[in-house]
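Structure file upload.cif with mmCIF, C-alpha atoms:
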data_upload
loop_
_atom_site.label_atom_id
_atom_site.label_comp_id
_atom_site.auth_asym_id
_atom_site.auth_seq_id
_atom_site.Cartn_x
_atom_site.Cartn_y
_atom_site.Cartn_z
CA MET A 97 54.08 -0.09 38.64
CA ASP A 98 51.31 -1.77 40.60
CA ASN A 99 53.43 -4.46 42.33
CA THR A 100 50.52 -5.98 44.20
CA THR A 101 48.46 -6.77 41.12
CA ALA A 102 51.54 -7.82 39.17
CA LEU A 103 52.30 -10.43 41.89
CA LEU A 104 48.66 -11.49 41.85
CA GLY A 105 48.86 -11.83 38.07
CA LEU A 106 51.97 -14.02 38.36
CA LEU A 107 50.04 -16.29 40.76
CA GLY A 108 47.29 -16.39 38.13
CA ALA A 109 49.75 -18.15 35.84
CA GLY A 110 50.26 -20.90 38.46
CA ALA A 111 50.46 -21.48 42.24
CA SER A 112 53.85 -20.62 43.71
CA TYR A 113 55.96 -20.37 46.85
CA GLY A 114 56.85 -16.88 48.04
CA TYR A 115 60.50 -17.35 47.17
CA ASP A 116 59.73 -18.64 43.66
CA LEU A 117 57.27 -15.80 43.20
CA LYS A 118 60.00 -13.26 44.01
CA ASN A 119 62.30 -14.89 41.44
CA SER A 120 59.55 -14.84 38.86
CA TYR A 121 58.84 -11.16 39.59
CA ASP A 122 62.53 -10.27 39.36
CA ARG A 123 62.83 -12.10 36.04
CA TRP A 124 60.06 -10.10 34.39
CA PHE A 125 59.87 -6.82 36.26
CA GLY A 126 62.81 -6.55 38.65
CA VAL A 127 65.79 -6.35 36.32
CA LYS A 128 66.69 -2.89 37.60
CA LYS A 129 65.07 -3.12 41.02
CA PRO A 130 64.55 -6.64 42.45
CA LEU A 131 61.74 -7.04 44.96
CA ALA A 132 62.71 -7.58 48.63
CA LEU A 133 61.53 -10.97 49.90
CA GLY A 134 59.94 -9.26 52.91
CA GLN A 135 57.83 -7.14 50.60
CA VAL A 136 56.63 -10.27 48.81
CA TYR A 137 55.38 -11.82 52.06
CA THR A 138 53.76 -8.55 53.17
CA THR A 139 51.96 -8.38 49.84
CA LEU A 140 50.92 -12.04 50.02
CA ALA A 141 49.43 -11.48 53.49
CA ARG A 142 47.49 -8.53 52.12
CA LEU A 143 46.26 -10.54 49.12
CA ILE A 144 45.02 -13.29 51.48
CA ARG A 145 43.16 -10.65 53.52
CA TYR A 146 41.49 -9.41 50.32
CA GLY A 147 40.44 -12.99 49.50
CA TRP A 148 42.35 -12.84 46.19
CA ILE A 149 44.76 -15.69 47.03
CA GLU A 150 44.84 -18.63 49.45
CA ALA A 151 47.55 -20.72 51.11
CA LEU A 152 47.57 -24.21 49.65
CA GLY A 153 49.29 -26.29 52.34
CA GLU A 154 52.75 -26.87 53.64
CA GLU A 155 55.17 -28.64 51.34
CA ALA A 156 58.87 -27.79 50.93
CA GLY A 157 59.63 -25.55 47.93
CA ALA A 158 62.95 -24.54 46.35
CA GLY A 159 63.41 -21.82 48.96
CA PRO A 160 63.04 -21.65 52.71
CA ASP A 161 59.25 -21.36 52.77
CA ARG A 162 56.61 -23.99 53.30
CA LYS A 163 53.48 -22.39 51.98
CA ARG A 164 52.32 -22.40 48.39
CA TYR A 165 49.92 -19.71 47.31
CA GLY A 166 47.21 -19.97 44.67
CA ILE A 167 44.86 -17.42 43.16
CA THR A 168 41.13 -17.52 44.02
CA PRO A 169 38.30 -16.86 41.50
CA ALA A 170 37.93 -13.37 43.05
CA GLY A 171 41.67 -12.80 42.55
CA ARG A 172 41.46 -13.92 38.94
CA GLU A 173 38.57 -11.50 38.41
CA ARG A 174 40.69 -8.70 39.89
CA VAL A 175 43.55 -9.49 37.47
CA MET A 176 41.17 -9.43 34.47
CA GLU A 177 39.68 -6.13 35.61
CA TRP A 178 43.17 -4.63 36.01
CA MET A 179 44.45 -5.99 32.71
CA PHE A 180 41.57 -4.76 30.56
CA THR A 181 41.13 -1.34 32.19
CA PRO A 182 43.22 1.02 30.04
CA GLU A 183 45.71 3.20 31.87
CA VAL A 184 45.27 6.97 31.98
CA PRO A 185 48.20 8.36 29.94
CA SER A 186 50.80 9.56 32.46
CA GLU A 187 54.47 9.22 33.27
CA THR A 188 53.96 6.06 35.35
CA MET A 189 51.74 4.46 32.74
CA GLN A 190 54.43 2.66 30.79
CA SER A 191 55.61 0.27 33.52
CA ASN A 192 52.00 -0.72 34.31
CA LEU A 193 51.35 -1.36 30.65
CA PHE A 194 54.50 -3.43 30.39
CA ALA A 195 53.37 -5.48 33.40
CA LYS A 196 49.93 -5.99 31.86
CA THR A 197 51.49 -7.19 28.61
CA ILE A 198 53.66 -9.75 30.39
CA ILE A 199 50.83 -10.97 32.62
CA ALA A 200 48.44 -11.24 29.66
CA LEU A 201 50.99 -13.40 27.83
CA LEU A 202 51.69 -15.52 30.92
CA LEU A 203 47.95 -16.11 31.32
CA ASP A 204 47.70 -16.87 27.60
CA ASP A 205 45.10 -14.10 27.41
CA ASP A 206 44.49 -11.63 24.60
CA ALA A 207 47.43 -9.23 24.96
CA GLY A 208 46.64 -7.76 21.52
CA ARG A 209 43.15 -6.78 22.65
CA MET A 210 44.54 -5.25 25.83
CA LEU A 211 46.96 -3.14 23.75
CA ASP A 212 44.14 -2.13 21.37
CA LEU A 213 42.05 -0.93 24.34
CA GLN A 214 45.01 1.07 25.56
CA ARG A 215 45.59 2.48 22.11
CA ALA A 216 41.96 3.59 21.96
CA GLN A 217 42.33 5.34 25.33
CA HIS A 218 45.43 7.17 24.10
CA MET A 219 43.78 8.13 20.82
CA ALA A 220 40.75 9.50 22.68
CA ARG A 221 43.13 11.66 24.71
CA MET A 222 44.95 12.77 21.55
CA ARG A 223 41.65 13.75 19.89
CA HIS A 224 40.73 15.75 22.98
CA VAL A 225 44.07 17.59 23.09
CA THR A 226 44.01 18.16 19.30
CA ALA A 227 40.53 19.70 19.59
CA GLU A 228 41.80 21.97 22.38
CA LYS A 229 44.40 23.43 19.98
CA LYS A 230 41.83 24.69 17.51
CA GLY A 231 41.64 28.47 17.72
CA ALA A 232 43.61 28.52 21.00
CA PRO A 233 46.36 31.07 21.80
CA LEU A 234 49.81 29.95 20.65
CA ALA A 235 50.98 29.35 24.24
CA THR A 236 48.16 26.84 24.73
CA VAL A 237 48.95 25.26 21.35
CA LEU A 238 52.57 24.73 22.45
CA VAL A 239 51.50 23.07 25.71
CA CYS A 240 49.12 20.83 23.75
CA ASP A 241 51.89 19.96 21.26
CA HIS A 242 54.10 18.87 24.15
CA ALA A 243 51.34 16.61 25.50
CA LEU A 244 50.65 15.20 22.03
CA PHE A 245 54.27 14.22 21.43
CA HIS A 246 54.42 12.45 24.81
CA ILE A 247 51.21 10.52 24.14
CA GLU A 248 52.56 9.69 20.69
CA ALA A 249 55.71 8.21 22.24
CA ASP A 250 53.52 5.86 24.32
CA LEU A 251 51.52 4.97 21.23
CA ARG A 252 54.65 4.08 19.31
CA TRP A 253 55.65 1.76 22.13
CA ILE A 254 52.15 0.19 22.11
CA ASP A 255 52.29 -0.36 18.33
CA LEU A 256 55.79 -1.80 18.39
CA THR A 257 54.91 -4.11 21.27
CA ALA A 258 51.77 -5.24 19.42
CA ALA A 259 53.96 -6.05 16.42
CA ARG A 260 56.32 -8.01 18.68
CA LEU A 261 53.72 -10.03 20.58
CA GLY A 262 54.33 -13.23 18.61
CA GLN A 263 58.08 -12.97 19.17
CA LEU A 264 57.60 -12.15 22.85
CA ARG A 265 55.20 -15.06 23.34
CA ALA A 266 57.70 -17.46 21.75
CA GLU A 267 60.52 -16.15 23.91
CA MET A 268 58.49 -16.51 27.10
CA THR A 269 57.57 -20.13 26.45
CA ARG A 270 61.19 -21.16 25.79
CA MET B 50 28.01 22.92 -0.23
CA SER B 51 25.29 24.78 -2.05
CA ASP B 52 27.04 25.04 -5.41
CA ALA B 53 27.93 21.36 -5.72
CA PRO B 54 26.91 19.77 -9.00
CA PRO B 55 24.08 17.27 -8.92
CA ARG B 56 25.10 13.84 -7.67
CA GLY B 57 25.84 11.24 -10.33
CA THR B 58 22.78 9.57 -11.65
CA ALA B 59 24.43 8.43 -14.87
CA ASP B 60 23.53 4.81 -14.23
CA GLY B 61 20.33 5.63 -12.42
CA GLN B 62 21.50 3.88 -9.26
CA MET B 63 22.52 6.73 -7.02
CA GLY B 64 19.05 8.04 -6.21
CA ASP B 65 18.89 5.81 -3.14
CA ALA B 66 21.96 7.30 -1.46
CA PRO B 67 20.93 8.60 1.97
CA PRO B 68 21.26 12.28 2.84
CA ARG B 69 24.67 13.09 4.29
CA ARG B 70 23.31 15.62 6.70
CA THR B 71 20.87 14.83 9.47
CA PRO B 72 18.27 17.52 10.20
CA ASP B 73 20.30 18.84 13.13
CA GLY B 74 23.54 18.78 11.15
CA THR B 75 25.21 16.06 13.21
CA VAL B 76 26.85 12.85 12.06
CA SER B 77 24.25 10.33 10.99
CA GLU B 78 24.23 6.98 12.78
CA VAL B 79 23.15 5.19 9.62
CA PRO B 80 26.24 3.81 7.88
CA LEU B 81 26.86 5.53 4.56
CA LEU B 82 29.53 2.96 3.75
CA ARG B 83 29.04 -0.57 4.98
CA ALA B 84 31.50 -3.39 4.29
CA ARG B 85 31.03 -6.98 5.39
CA GLY B 86 33.34 -9.98 5.19
CA LEU B 87 35.86 -8.38 2.84
CA ARG B 88 38.60 -10.69 1.62
CA LEU B 89 41.27 -9.93 -0.93
CA ALA B 90 44.51 -11.76 -1.72
CA PHE B 91 47.38 -10.74 -3.96
CA GLY B 92 48.90 -14.08 -4.89
CA LEU B 93 49.66 -15.82 -1.63
CA THR B 94 49.42 -12.63 0.41
CA GLU B 95 46.05 -12.15 2.09
CA ALA B 96 45.70 -8.36 2.31
CA LEU B 97 42.15 -8.45 3.75
CA ARG B 98 41.02 -11.43 5.81
CA GLY B 99 37.36 -10.85 6.68
CA VAL B 100 36.89 -7.15 7.30
CA ASP B 101 33.67 -5.55 8.60
CA VAL B 102 33.51 -1.76 8.57
CA ASP B 103 30.82 0.91 9.00
CA VAL B 104 31.37 4.57 8.14
CA CYS B 105 28.53 6.96 8.98
CA ALA B 106 27.52 9.99 6.96
CA ARG B 107 29.54 13.14 7.79
CA GLU B 108 31.90 11.13 9.95
CA ILE B 109 35.68 11.52 9.76
CA VAL B 110 37.17 8.07 10.32
CA ALA B 111 40.87 7.35 10.62
CA VAL B 112 42.08 3.92 9.52
CA THR B 113 45.39 3.19 11.23
CA GLY B 114 47.74 0.24 11.36
CA PRO B 115 51.33 -0.74 10.65
CA SER B 116 52.83 -0.85 7.15
CA GLY B 117 51.48 -3.81 5.21
CA SER B 118 48.48 -4.23 7.54
CA GLY B 119 46.01 -3.85 4.66
CA LYS B 120 44.74 -0.35 5.40
CA SER B 121 45.42 1.07 1.92
CA THR B 122 43.90 -2.02 0.31
CA LEU B 123 40.81 -1.48 2.47
CA LEU B 124 40.54 2.12 1.23
CA HIS B 125 40.79 0.98 -2.39
CA VAL B 126 38.07 -1.64 -1.89
CA LEU B 127 35.74 0.76 -0.03
CA ALA B 128 36.23 3.31 -2.83
CA GLY B 129 35.49 0.76 -5.54
CA VAL B 130 38.98 0.97 -7.03
CA LEU B 131 39.65 -2.70 -6.28
CA ALA B 132 37.06 -5.50 -6.31
CA PRO B 133 37.36 -7.91 -3.34
CA ASP B 134 37.57 -11.70 -3.75
CA ALA B 135 34.67 -12.02 -1.29
CA GLY B 136 32.42 -9.81 0.80
CA THR B 137 30.23 -6.79 0.09
CA VAL B 138 30.52 -3.01 0.09
CA ASP B 139 27.34 -0.94 0.21
CA TYR B 140 27.33 2.78 -0.40
CA GLY B 141 23.94 4.20 0.46
CA GLY B 142 21.53 2.08 -1.56
CA VAL B 143 24.16 0.86 -4.00
CA ARG B 144 25.96 -2.47 -3.71
CA VAL B 145 29.35 -1.33 -4.97
CA THR B 146 30.66 -4.90 -5.17
CA ASP B 147 27.91 -5.79 -7.70
CA LEU B 148 28.98 -3.02 -10.10
CA ASP B 149 31.28 -3.73 -13.02
CA GLU B 150 34.43 -1.71 -13.52
CA GLU B 151 32.65 0.94 -15.56
CA GLY B 152 29.89 1.28 -12.95
CA ARG B 153 32.45 1.66 -10.17
CA SER B 154 34.31 4.24 -12.23
CA ARG B 155 31.10 6.29 -12.68
CA LEU B 156 30.39 6.00 -8.96
CA ARG B 157 33.86 7.25 -8.07
CA LEU B 158 33.62 10.18 -10.44
CA ALA B 159 30.21 11.23 -9.18
CA GLU B 160 30.47 10.55 -5.45
CA PHE B 161 34.06 10.21 -4.26
CA GLY B 162 37.10 12.46 -3.97
CA PHE B 163 40.70 11.36 -3.42
CA VAL B 164 43.82 12.80 -1.80
CA PHE B 165 47.08 10.85 -1.87
CA GLN B 166 50.47 11.25 -0.25
CA TYR B 167 52.15 13.19 -3.08
CA GLY B 168 52.55 13.61 -6.82
CA GLN B 169 48.88 14.01 -7.59
CA LEU B 170 48.83 17.53 -9.03
CA LEU B 171 49.44 17.95 -12.75
CA PRO B 172 52.95 19.45 -12.81
CA ASP B 173 52.46 21.75 -15.83
CA LEU B 174 49.29 23.40 -14.51
CA SER B 175 48.97 26.16 -11.94
CA ALA B 176 47.21 25.50 -8.63
CA VAL B 177 43.99 27.12 -9.79
CA ASP B 178 44.02 25.18 -13.06
CA ASN B 179 44.58 21.93 -11.15
CA VAL B 180 41.43 22.60 -9.13
CA THR B 181 39.51 23.78 -12.21
CA ILE B 182 40.05 20.57 -14.24
CA PRO B 183 37.66 18.28 -12.31
CA LEU B 184 35.02 21.04 -12.30
CA LEU B 185 35.29 21.34 -16.11
CA LEU B 186 34.90 17.56 -16.36
CA THR B 187 31.53 17.80 -14.64
CA GLY B 188 30.36 20.23 -17.33
CA ILE B 189 30.75 23.53 -15.50
CA ARG B 190 31.76 26.43 -17.78
CA ARG B 191 35.33 27.67 -17.54
CA ARG B 192 34.64 31.10 -16.02
CA GLU B 193 32.45 29.60 -13.27
CA ALA B 194 34.92 26.74 -12.71
CA LEU B 195 37.76 29.25 -12.25
CA ARG B 196 35.68 31.24 -9.76
CA ARG B 197 34.87 28.15 -7.71
CA ALA B 198 38.46 26.90 -7.86
CA GLY B 199 39.66 30.25 -6.52
CA GLU B 200 37.12 30.07 -3.68
CA TRP B 201 38.29 26.58 -2.75
CA LEU B 202 41.93 27.65 -2.71
CA ASP B 203 40.97 30.50 -0.37
CA ARG B 204 39.01 28.09 1.82
CA VAL B 205 42.04 25.85 2.42
CA GLY B 206 44.34 28.84 2.92
CA VAL B 207 46.38 28.78 -0.31
CA GLY B 208 44.60 31.49 -2.31
CA ASP B 209 47.92 33.28 -2.77
CA CYS B 210 49.35 30.20 -4.53
CA ALA B 211 46.70 30.22 -7.29
CA ALA B 212 49.12 31.06 -10.10
CA ARG B 213 51.98 28.86 -8.92
CA LEU B 214 53.03 25.56 -10.44
CA PRO B 215 53.21 22.57 -8.06
CA ALA B 216 57.02 22.71 -8.13
CA GLU B 217 56.85 26.30 -6.87
CA MET B 218 54.87 25.35 -3.75
CA SER B 219 55.87 23.72 -0.46
CA GLY B 220 54.68 20.17 0.23
CA GLY B 221 52.01 21.43 2.62
CA GLN B 222 50.72 24.00 0.13
CA ALA B 223 50.56 21.40 -2.63
CA GLN B 224 48.60 19.04 -0.37
CA ARG B 225 46.11 21.77 0.45
CA VAL B 226 45.65 22.39 -3.29
CA ALA B 227 45.04 18.63 -3.62
CA VAL B 228 42.42 18.85 -0.86
CA ALA B 229 40.73 21.76 -2.66
CA ARG B 230 40.75 19.81 -5.91
CA ALA B 231 39.26 16.72 -4.26
CA LEU B 232 36.46 18.63 -2.51
CA ALA B 233 35.64 21.16 -5.26
CA THR B 234 33.23 18.83 -7.05
CA GLY B 235 31.28 18.23 -3.83
CA PRO B 236 32.01 14.53 -3.27
CA ALA B 237 29.97 12.70 -0.65
CA VAL B 238 33.04 10.81 0.53
CA LEU B 239 36.65 11.96 0.57
CA PHE B 240 39.22 9.15 0.68
CA ALA B 241 42.62 10.38 1.88
CA ASP B 242 45.58 7.98 1.80
CA GLU B 243 48.45 9.21 4.01
CA PRO B 244 47.76 12.88 3.14
CA THR B 245 50.43 14.05 5.59
CA GLY B 246 52.87 11.20 4.98
CA SER B 247 55.61 13.31 3.44
CA LEU B 248 55.16 16.46 5.55
CA ASP B 249 56.79 17.88 8.67
CA SER B 250 54.68 18.38 11.81
CA LEU B 251 53.65 21.98 11.16
CA ALA B 252 52.78 21.40 7.48
CA ALA B 253 50.86 18.25 8.47
CA GLU B 254 48.86 20.33 10.94
CA THR B 255 47.90 22.96 8.36
CA VAL B 256 46.86 20.24 5.88
CA MET B 257 44.74 18.40 8.45
CA LEU B 258 43.08 21.61 9.66
CA ALA B 259 42.29 22.50 6.03
CA LEU B 260 41.09 18.99 5.17
CA THR B 261 38.88 18.43 8.21
CA GLY B 262 37.60 22.02 8.25
CA ALA B 263 36.63 21.99 4.57
CA ALA B 264 35.16 18.49 4.76
CA ARG B 265 32.98 19.37 7.75
CA GLU B 266 31.88 22.61 6.11
CA SER B 267 30.86 20.84 2.91
CA GLY B 268 29.28 17.88 4.71
CA ALA B 269 31.65 15.29 3.25
CA THR B 270 32.37 11.99 4.95
CA VAL B 271 36.10 11.30 5.24
CA VAL B 272 37.98 8.00 5.28
CA LEU B 273 41.53 8.85 6.29
CA ILE B 274 44.36 6.32 6.05
CA THR B 275 47.34 7.19 8.22
CA HIS B 276 50.08 5.61 10.28
CA ASP B 277 50.54 8.89 12.18
CA PRO B 278 48.56 9.14 15.45
CA ARG B 279 48.73 12.96 15.42
CA THR B 280 47.01 12.94 12.02
CA ALA B 281 44.49 10.32 13.17
CA ALA B 282 43.64 12.54 16.15
CA TYR B 283 41.83 14.95 13.79
CA ALA B 284 39.24 12.23 13.09
CA ASP B 285 36.05 11.52 15.03
CA ARG B 286 36.86 7.84 15.32
CA GLU B 287 39.71 5.45 14.71
CA LEU B 288 39.68 1.89 13.48
CA THR B 289 42.79 -0.24 13.62
CA VAL B 290 43.83 -2.74 10.96
CA ARG B 291 46.35 -5.48 11.72
CA ASP B 292 47.25 -8.41 9.48
CA GLY B 293 44.28 -7.83 7.21
CA ARG B 294 41.73 -7.66 10.01
CA VAL B 295 40.06 -4.77 11.79
CA THR B 296 41.13 -5.36 15.38
CA PHE B 297 39.43 -2.34 16.88
CA GLY B 298 36.60 0.07 16.16
CA GLY B 299 35.30 -1.23 12.82
CA LEU B 300 31.61 -1.04 13.59
CA VAL B 301 29.48 1.70 15.10
CA GLY B 302 27.11 1.24 18.01
#
Transcribe the structure of this file into structure tokens.
Amino acid sequence: MDNTTALLGLLGAGASYGYDLKNSYDRWFGVKKPLALGQVYTTLARLIRYGWIEALGEEAGAGPDRKRYGITPAGRERVMEWMFTPEVPSETMQSNLFAKTIIALLLDDDAGRMLDLQRAQHMARMRHVTAEKKGAPLATVLVCDHALFHIEADLRWIDLTAARLGQLRAEMTR
Amino acid sequence: MSDAPPRGTADGQMGDAPPRRTPDGTVSEVPLLRARGLRLAFGLTEALRGVDVDVCAREIVAVTGPSGSGKSTLLHVLAGVLAPDAGTVDYGGVRVTDLDEEGRSRLRLAEFGFVFQYGQLLPDLSAVDNVTIPLLLTGIRRREALRRAGEWLDRVGVGDCAARLPAEMSGGQAQRVAVARALATGPAVLFADEPTGSLDSLAAETVMLALTGAARESGATVVLITHDPRTAAYADRELTVRDGRVTFGGLVG
């Protein structure tokens, strides 16, 4: 998963202290692998360098840190670009797509449209692989079948998630 | 298809239908079917809630979406089986939604073919007789109808099933006979509603290869309803229906 842009996306939903940002990340994306606090600060420093976030002053937060961080217009643009650029179907795709779904819901953006764009990208790939099968030797057909079933598994996840968006949105605002 | 019967002109309205084939044989960019603002409710359930759709001549379009999304209702409205509560459907130069039930029935008979999920073949007739029936209904003589039916069965790869009853065929074979029957009269548009819905992966593949191959060869436009992405992948384009709305890919250009 693209941790950097996921953290940026979380800041898009509201300014935050580094420590709170780590907790927020762990809640949504770090169930199996929480983010190290050091990594959060390294990423924040990088995001400031890119001009995608800014430090907002020094007030005490819930954790040990003093600085709050907020997203800049350029950072918000980067999140939109990331969210609405469909992923190339691959083994690492699913976690990115999950992150995009969560961020889109947190930003109250059109998660359904994002999933539709992704679906279209997957279907384009499926059409391409299906066309490759036509008249091909059986060995090629078998390789294509394997690819098709994997893309189909992603598509089923996309469709089920699209059907669950309302439920997910309600759960996240509780 | 050179031996297709003349297109229906029974009500004198079909002369304006555009040619299905562009001079270079590619898909036309002019919509052959054009629906705007379609709404249809069954009691309190709104099956279609403002649907806009274009389907170009010679195009194979897959309509996908979850169960209950309205995709089958959309097919029935586009094909003139159901009349919408609001909105328009144009087929070539004909406003389908202005036709009465009889006019729509004539249009379907003359211009459209249908393939459904299962149970569409007449159980007491052989495969070749099932394909012959619609040809006889257009006025073709029996000997010629039988010849053409046999050719169509060969074309979709089930020529050796000609004498078999539907119960003596596999699901995939029966569906290919249904495809032959639907295309034998040379329809301009083939509407297929979950044609692979009851088939395993390999049978679904043979049906889709037969359906898309024969449709492209005969220049038919195809509107394909399916919930199966592997079936939808045989189409040129996909449009997605959710909650009675087209959420993706409804219009061309």
Given all atoms listed in the file, how would the per-residue table for chain B near chain A read, listing every residue at most 10 Å away with its closest atom pair and distance in Å to one decimal, sorted by chain and number, as JSON lines?
{"residue": "B:Gly114", "atom": "CA", "partner": "A:Asp255", "partner_atom": "CA", "distance": 8.3}
{"residue": "B:Pro115", "atom": "CA", "partner": "A:Asp255", "partner_atom": "CA", "distance": 7.7}
{"residue": "B:Ser250", "atom": "CA", "partner": "A:Asp241", "partner_atom": "CA", "distance": 10.0}
{"residue": "B:Glu254", "atom": "CA", "partner": "A:Thr226", "partner_atom": "CA", "distance": 9.9}
{"residue": "B:Leu258", "atom": "CA", "partner": "A:Lys230", "partner_atom": "CA", "distance": 8.5}
{"residue": "B:Asp277", "atom": "CA", "partner": "A:Glu248", "partner_atom": "CA", "distance": 8.8}
{"residue": "B:Pro278", "atom": "CA", "partner": "A:Glu248", "partner_atom": "CA", "distance": 6.6}
{"residue": "B:Arg279", "atom": "CA", "partner": "A:Met222", "partner_atom": "CA", "distance": 7.2}
{"residue": "B:Thr280", "atom": "CA", "partner": "A:Thr226", "partner_atom": "CA", "distance": 9.4}
{"residue": "B:Ala281", "atom": "CA", "partner": "A:Met219", "partner_atom": "CA", "distance": 8.0}
{"residue": "B:Ala282", "atom": "CA", "partner": "A:Arg223", "partner_atom": "CA", "distance": 4.4}
{"residue": "B:Tyr283", "atom": "CA", "partner": "A:Arg223", "partner_atom": "CA", "distance": 6.2}
{"residue": "B:Ala284", "atom": "CA", "partner": "A:Arg223", "partner_atom": "CA", "distance": 7.4}
{"residue": "B:Asp285", "atom": "CA", "partner": "A:Arg223", "partner_atom": "CA", "distance": 7.7}
{"residue": "B:Arg286", "atom": "CA", "partner": "A:Ala220", "partner_atom": "CA", "distance": 8.5}
{"residue": "B:Glu287", "atom": "CA", "partner": "A:Met219", "partner_atom": "CA", "distance": 7.8}
{"residue": "B:Leu288", "atom": "CA", "partner": "A:Ala216", "partner_atom": "CA", "distance": 8.9}
{"residue": "B:Thr289", "atom": "CA", "partner": "A:Asp212", "partner_atom": "CA", "distance": 8.1}
{"residue": "B:Arg291", "atom": "CA", "partner": "A:Ala259", "partner_atom": "CA", "distance": 9.0}
{"residue": "B:Asp292", "atom": "CA", "partner": "A:Ala259", "partner_atom": "CA", "distance": 9.9}
{"residue": "B:Thr296", "atom": "CA", "partner": "A:Asp212", "partner_atom": "CA", "distance": 7.4}
{"residue": "B:Phe297", "atom": "CA", "partner": "A:Asp212", "partner_atom": "CA", "distance": 6.5}
{"residue": "B:Gly298", "atom": "CA", "partner": "A:Ala216", "partner_atom": "CA", "distance": 8.6}
Applied to this file, what does the PyMOL selection byres ((chain B and resi 255) around 9) return in terms of residues, put as a list in words?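 In the shown coordinates, the PyMOL selection byres ((chain B and resi 255) around 9) covers Val205, Gly206, Gly221, Gln222, Arg225, Ser250, Leu251, Ala252, Ala253, Glu254, Val256, Met257, Leu258, Ala259 and Leu260 of chain B.
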The residue from A:Ala132, A:Met97, A:Leu117, A:Leu107 with the smallest atom-to-atom distance to Ile167 in chain A, counting only C-alpha atoms, is A:Leu107
key: Matched chain/residue IDs from the PyMOL selection byres ((chain B and resi 164-172) around 9), as a list of chain:residue names   = B:Gly162, B:Phe163, B:Asp173, B:Leu174, B:Ser175, B:Ala176, B:Asn179, B:Val180, B:Leu214, B:Pro215, B:Ala216, B:Gly220, B:Ala223, B:Gln224, B:Val226, B:Ala227, B:Val228, B:Arg230, B:Ala231, B:Leu239, B:Phe240, B:Ala241, B:Asp242, B:Glu243, B:Pro244, B:Thr245, B:Gly246, B:Ser247
A straight line from CA of Leu97 in chain B to CA of Leu203 in chain A spans 29.2 Å
Taken to one decimal, the CA of Thr261 in chain B-CA of Thr275 in chain B distance is 14.1 Å
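If you measure from each of A:Ala195, A:Leu103, A:Leu238, A:Met268 to Tyr165 in chain A using only C-alpha atoms, the closest one turns out to be A:Leu103.
Taking CA of Gly108 in chain A as the reference point, CA of Arg145 in chain A is found at 16.9 Å.
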| message | I'd like the contact shell of Glu95 in chain B - 8 Å cut-off, only C-alpha atoms, skipping same-chain residues fewer than 6 positions apart - returned as an NGL selection string. | response | :B and (88-89 or 293)
Padding of 5 Å on every side, edges along x, y and z, all listed atoms of range 254-271 of chain B included: what centre and edge lengths in Å, to one decimal, does that box have, as lines of an AutoDock Vina configuration file?
center_x = 39.1
center_y = 17.1
center_z = 6.9
size_x = 29.6
size_y = 21.7
size_z = 18.0
On this file, the PyMOL selection byres ((chain B and resi 150-161) around 6) gives some set of residues; write that set as an MDAnalysis selection string. chainID B and resid 56:57 129 148:149 162 236:239
Inset, instruction - Counting only C-alpha atoms, figure out which residue out of A:Leu193, A:Leu131, A:Leu201, A:Cys240 gets nearest to Gly262 in chain A. - result: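 Ranking A:Leu193, A:Leu131, A:Leu201, A:Cys240 by distance to Gly262 in chain A, first place goes to A:Leu201.
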Query raised in the report: Pro183 in chain B: which residues within 10 Å, counting all atoms listed in the file, same-chain residues fewer than 5 positions away excluded, as a PyMOL selection string?
Result: chain B and resi 158+178+188-189+194+198+230-234
